[in-house]
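Undergrad: See coords_31.cif below, with mmCIF, C-alpha atoms.
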data_input
loop_
_atom_site.group_PDB
_atom_site.id
_atom_site.type_symbol
_atom_site.label_atom_id
_atom_site.label_comp_id
_atom_site.auth_asym_id
_atom_site.auth_seq_id
_atom_site.Cartn_x
_atom_site.Cartn_y
_atom_site.Cartn_z
ATOM 1 C CA MET A 80 110.814 125.412 53.013
ATOM 2 C CA PHE A 81 107.625 123.352 52.962
ATOM 3 C CA LEU A 82 106.871 124.388 56.530
ATOM 4 C CA ILE A 83 107.333 128.068 55.733
ATOM 5 C CA GLU A 84 104.993 127.766 52.762
ATOM 6 C CA GLY A 85 102.476 125.580 54.598
ATOM 7 C CA ILE A 86 102.101 127.463 57.863
ATOM 8 C CA PRO A 87 99.952 130.317 56.403
ATOM 9 C CA SER A 88 97.586 127.770 54.857
ATOM 10 C CA ILE A 89 97.263 125.865 58.103
ATOM 11 C CA LEU A 90 96.633 129.062 60.043
ATOM 12 C CA ALA A 91 94.027 130.163 57.484
ATOM 13 C CA GLY A 92 92.295 126.802 57.874
ATOM 14 C CA PHE A 93 92.108 127.123 61.645
ATOM 15 C CA TRP A 94 90.916 130.722 61.281
ATOM 16 C CA ALA A 95 88.149 129.605 58.902
ATOM 17 C CA LEU A 96 87.061 126.886 61.333
ATOM 18 C CA ALA A 97 86.921 129.404 64.175
ATOM 19 C CA VAL A 98 85.161 132.232 62.310
ATOM 20 C CA LEU A 99 82.857 130.567 59.790
ATOM 21 C CA ARG A 100 79.639 129.026 61.081
ATOM 22 C CA ASN A 101 77.421 126.233 59.783
ATOM 23 C CA THR A 102 74.202 128.212 59.528
ATOM 24 C CA PRO A 103 73.338 131.887 59.067
ATOM 25 C CA ALA A 104 71.637 131.854 62.483
ATOM 26 C CA GLU A 105 75.036 131.224 64.109
ATOM 27 C CA ALA A 106 76.863 133.983 62.202
ATOM 28 C CA ALA A 107 77.744 136.810 64.562
ATOM 29 C CA TRP A 108 78.423 139.324 61.784
ATOM 30 C CA LEU A 109 74.863 139.199 60.390
ATOM 31 C CA THR A 110 72.052 141.315 61.757
ATOM 32 C CA ASP A 111 68.839 139.631 62.873
ATOM 33 C CA ASP A 112 67.053 140.935 59.778
ATOM 34 C CA GLU A 113 69.757 139.534 57.462
ATOM 35 C CA LYS A 114 69.600 136.163 59.245
ATOM 36 C CA ARG A 115 65.816 136.065 58.811
ATOM 37 C CA VAL A 116 66.015 136.912 55.086
ATOM 38 C CA ILE A 117 68.737 134.346 54.419
ATOM 39 C CA ASN A 118 66.919 131.594 56.337
ATOM 40 C CA SER A 119 63.656 132.294 54.497
ATOM 41 C CA ARG A 120 65.430 132.121 51.130
ATOM 42 C CA ILE A 121 67.148 128.873 52.029
ATOM 43 C CA THR A 122 63.851 127.367 53.182
ATOM 44 C CA ARG A 123 62.107 128.518 50.000
ATOM 45 C CA GLU A 124 64.869 127.089 47.767
ATOM 46 C CA ASN A 125 64.891 123.757 49.600
ATOM 47 C CA SER A 126 61.104 123.400 49.375
ATOM 48 C CA ALA A 127 61.169 124.280 45.654
ATOM 49 C CA ALA A 128 63.902 121.690 45.051
ATOM 50 C CA LYS A 129 61.931 119.014 46.914
ATOM 51 C CA ALA A 130 58.788 119.868 44.954
ATOM 52 C CA ALA A 131 60.738 119.513 41.691
ATOM 53 C CA GLY A 132 62.091 116.142 42.812
ATOM 54 C CA ALA A 133 65.689 117.362 42.998
ATOM 55 C CA GLU A 134 67.886 115.474 45.405
ATOM 56 C CA HIS A 135 71.404 116.473 46.360
ATOM 57 C CA SER A 136 73.675 113.700 47.540
ATOM 58 C CA LEU A 137 76.849 111.908 46.575
ATOM 59 C CA GLY A 138 74.881 108.929 45.294
ATOM 60 C CA VAL A 139 72.848 111.105 42.935
ATOM 61 C CA ALA A 140 76.025 112.736 41.649
ATOM 62 C CA LEU A 141 77.717 109.382 41.007
ATOM 63 C CA ARG A 142 74.672 108.156 39.050
ATOM 64 C CA SER A 143 74.602 111.290 36.915
ATOM 65 C CA GLY A 144 75.862 111.010 33.366
ATOM 66 C CA ARG A 145 76.703 114.722 33.325
ATOM 67 C CA PHE A 146 79.037 114.233 36.295
ATOM 68 C CA TRP A 147 80.970 111.488 34.533
ATOM 69 C CA LEU A 148 81.131 113.467 31.277
ATOM 70 C CA LEU A 149 82.550 116.512 33.056
ATOM 71 C CA THR A 150 84.976 114.267 34.955
ATOM 72 C CA LEU A 151 86.207 112.779 31.676
ATOM 73 C CA ILE A 152 86.606 116.227 30.106
ATOM 74 C CA TYR A 153 88.588 117.466 33.100
ATOM 75 C CA PHE A 154 90.778 114.338 33.093
ATOM 76 C CA CYS A 155 91.565 114.793 29.402
ATOM 77 C CA LEU A 156 92.421 118.474 29.864
ATOM 78 C CA VAL A 157 94.726 117.836 32.804
ATOM 79 C CA THR A 158 96.398 114.871 31.133
ATOM 80 C CA GLY A 159 96.981 116.788 27.904
ATOM 81 C CA ASN A 160 98.321 119.839 29.702
ATOM 82 C CA THR A 161 100.660 117.767 31.846
ATOM 83 C CA GLY A 162 101.910 115.790 28.860
ATOM 84 C CA PHE A 163 102.470 118.979 26.894
ATOM 85 C CA SER A 164 104.440 120.547 29.755
ATOM 86 C CA PHE A 165 106.638 117.482 30.227
ATOM 87 C CA TRP A 166 107.301 116.694 26.576
ATOM 88 C CA LEU A 167 107.504 120.170 24.996
ATOM 89 C CA PRO A 168 111.283 120.553 25.527
ATOM 90 C CA GLN A 169 111.933 117.187 23.883
ATOM 91 C CA ILE A 170 109.634 118.002 20.958
ATOM 92 C CA VAL A 171 111.353 121.353 20.410
ATOM 93 C CA LYS A 172 114.777 119.683 20.599
ATOM 94 C CA ASP A 173 113.685 117.082 18.028
ATOM 95 C CA LEU A 174 112.671 119.931 15.705
ATOM 96 C CA GLY A 175 116.322 120.958 15.609
ATOM 97 C CA VAL A 176 116.421 123.844 18.063
ATOM 98 C CA THR A 177 119.669 123.698 20.019
ATOM 99 C CA ASN A 178 119.071 126.503 22.525
ATOM 100 C CA LEU A 179 115.828 125.645 24.319
ATOM 101 C CA VAL A 180 115.974 128.734 26.533
ATOM 102 C CA THR A 181 115.334 131.075 23.618
ATOM 103 C CA VAL A 182 112.300 129.062 22.533
ATOM 104 C CA SER A 183 110.625 128.256 25.831
ATOM 105 C CA SER A 184 111.356 131.357 27.903
ATOM 106 C CA PRO A 185 109.212 133.805 25.851
ATOM 107 C CA ARG A 186 106.164 131.706 26.679
ATOM 108 C CA PHE A 187 106.834 132.075 30.393
ATOM 109 C CA ARG A 188 107.671 135.768 30.073
ATOM 110 C CA ILE A 189 104.401 136.442 28.279
ATOM 111 C CA SER A 190 102.370 134.526 30.845
ATOM 112 C CA ARG A 191 104.166 136.317 33.659
ATOM 113 C CA ARG A 192 103.386 139.740 32.153
ATOM 114 C CA ALA A 193 99.783 138.772 31.526
ATOM 115 C CA SER A 194 99.261 137.676 35.117
ATOM 116 C CA ALA A 195 100.841 140.815 36.603
#
Please render this file's structure as structure tokens.

TA:
Amino acid sequence: MFLIEGIPSILAGFWALAVLRNTPAEAAWLTDDEKRVINSRITRENSAAKAAGAEHSLGVALRSGRFWLLTLIYFCLVTGNTGFSFWLPQIVKDLGVTNLVTVSSPRFRISRRASA
């Protein structure tokens, strides 16, 4: 079953490697005018970032307080959501509900209808 589910993702990855290019100049689907406009914008943005003293690298990201704050927020959200999902049936059972299907299934039905 894992192979059946994984094969489309693997094929999509190989397709992306074959079709997508590293620079706009290498992209076959862009016209020469579009390539020129994109390259000029990229050059202008990079020169403006250098003039402002902005540097983009892993080291800069790891030294950023904003990065660590957002990482902590994400960790707390994922941990809380996972804990809620694992422990909700036990919490509902401790509240005295004997048939958990009637309590927990409406939540999944609602989310299923909302996503459709």

Undergrad: Mind giving me the straight-line distance from atom CA of A:Lys129 to atom CA of A:Leu149 in Å, one decimal?

TA: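 Atom-to-atom, atom CA of A:Lys129 to atom CA of A:Leu149, that is 25.0 Å.
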
Undergrad: Could you work out how far atom CA of A:Trp94 lies from atom CA of A:His135, giving the answer in Å with one decimal?

TA: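 Between atom CA of A:His135 and atom CA of A:Trp94 the gap works out to 28.4 Å.
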
Undergrad: Give me, please, the distance in Å between atom CA of A:Pro103 and atom CA of A:Arg120, quoted to one decimal.

TA: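 Distance reported for this atom pair: 11.2 Å.
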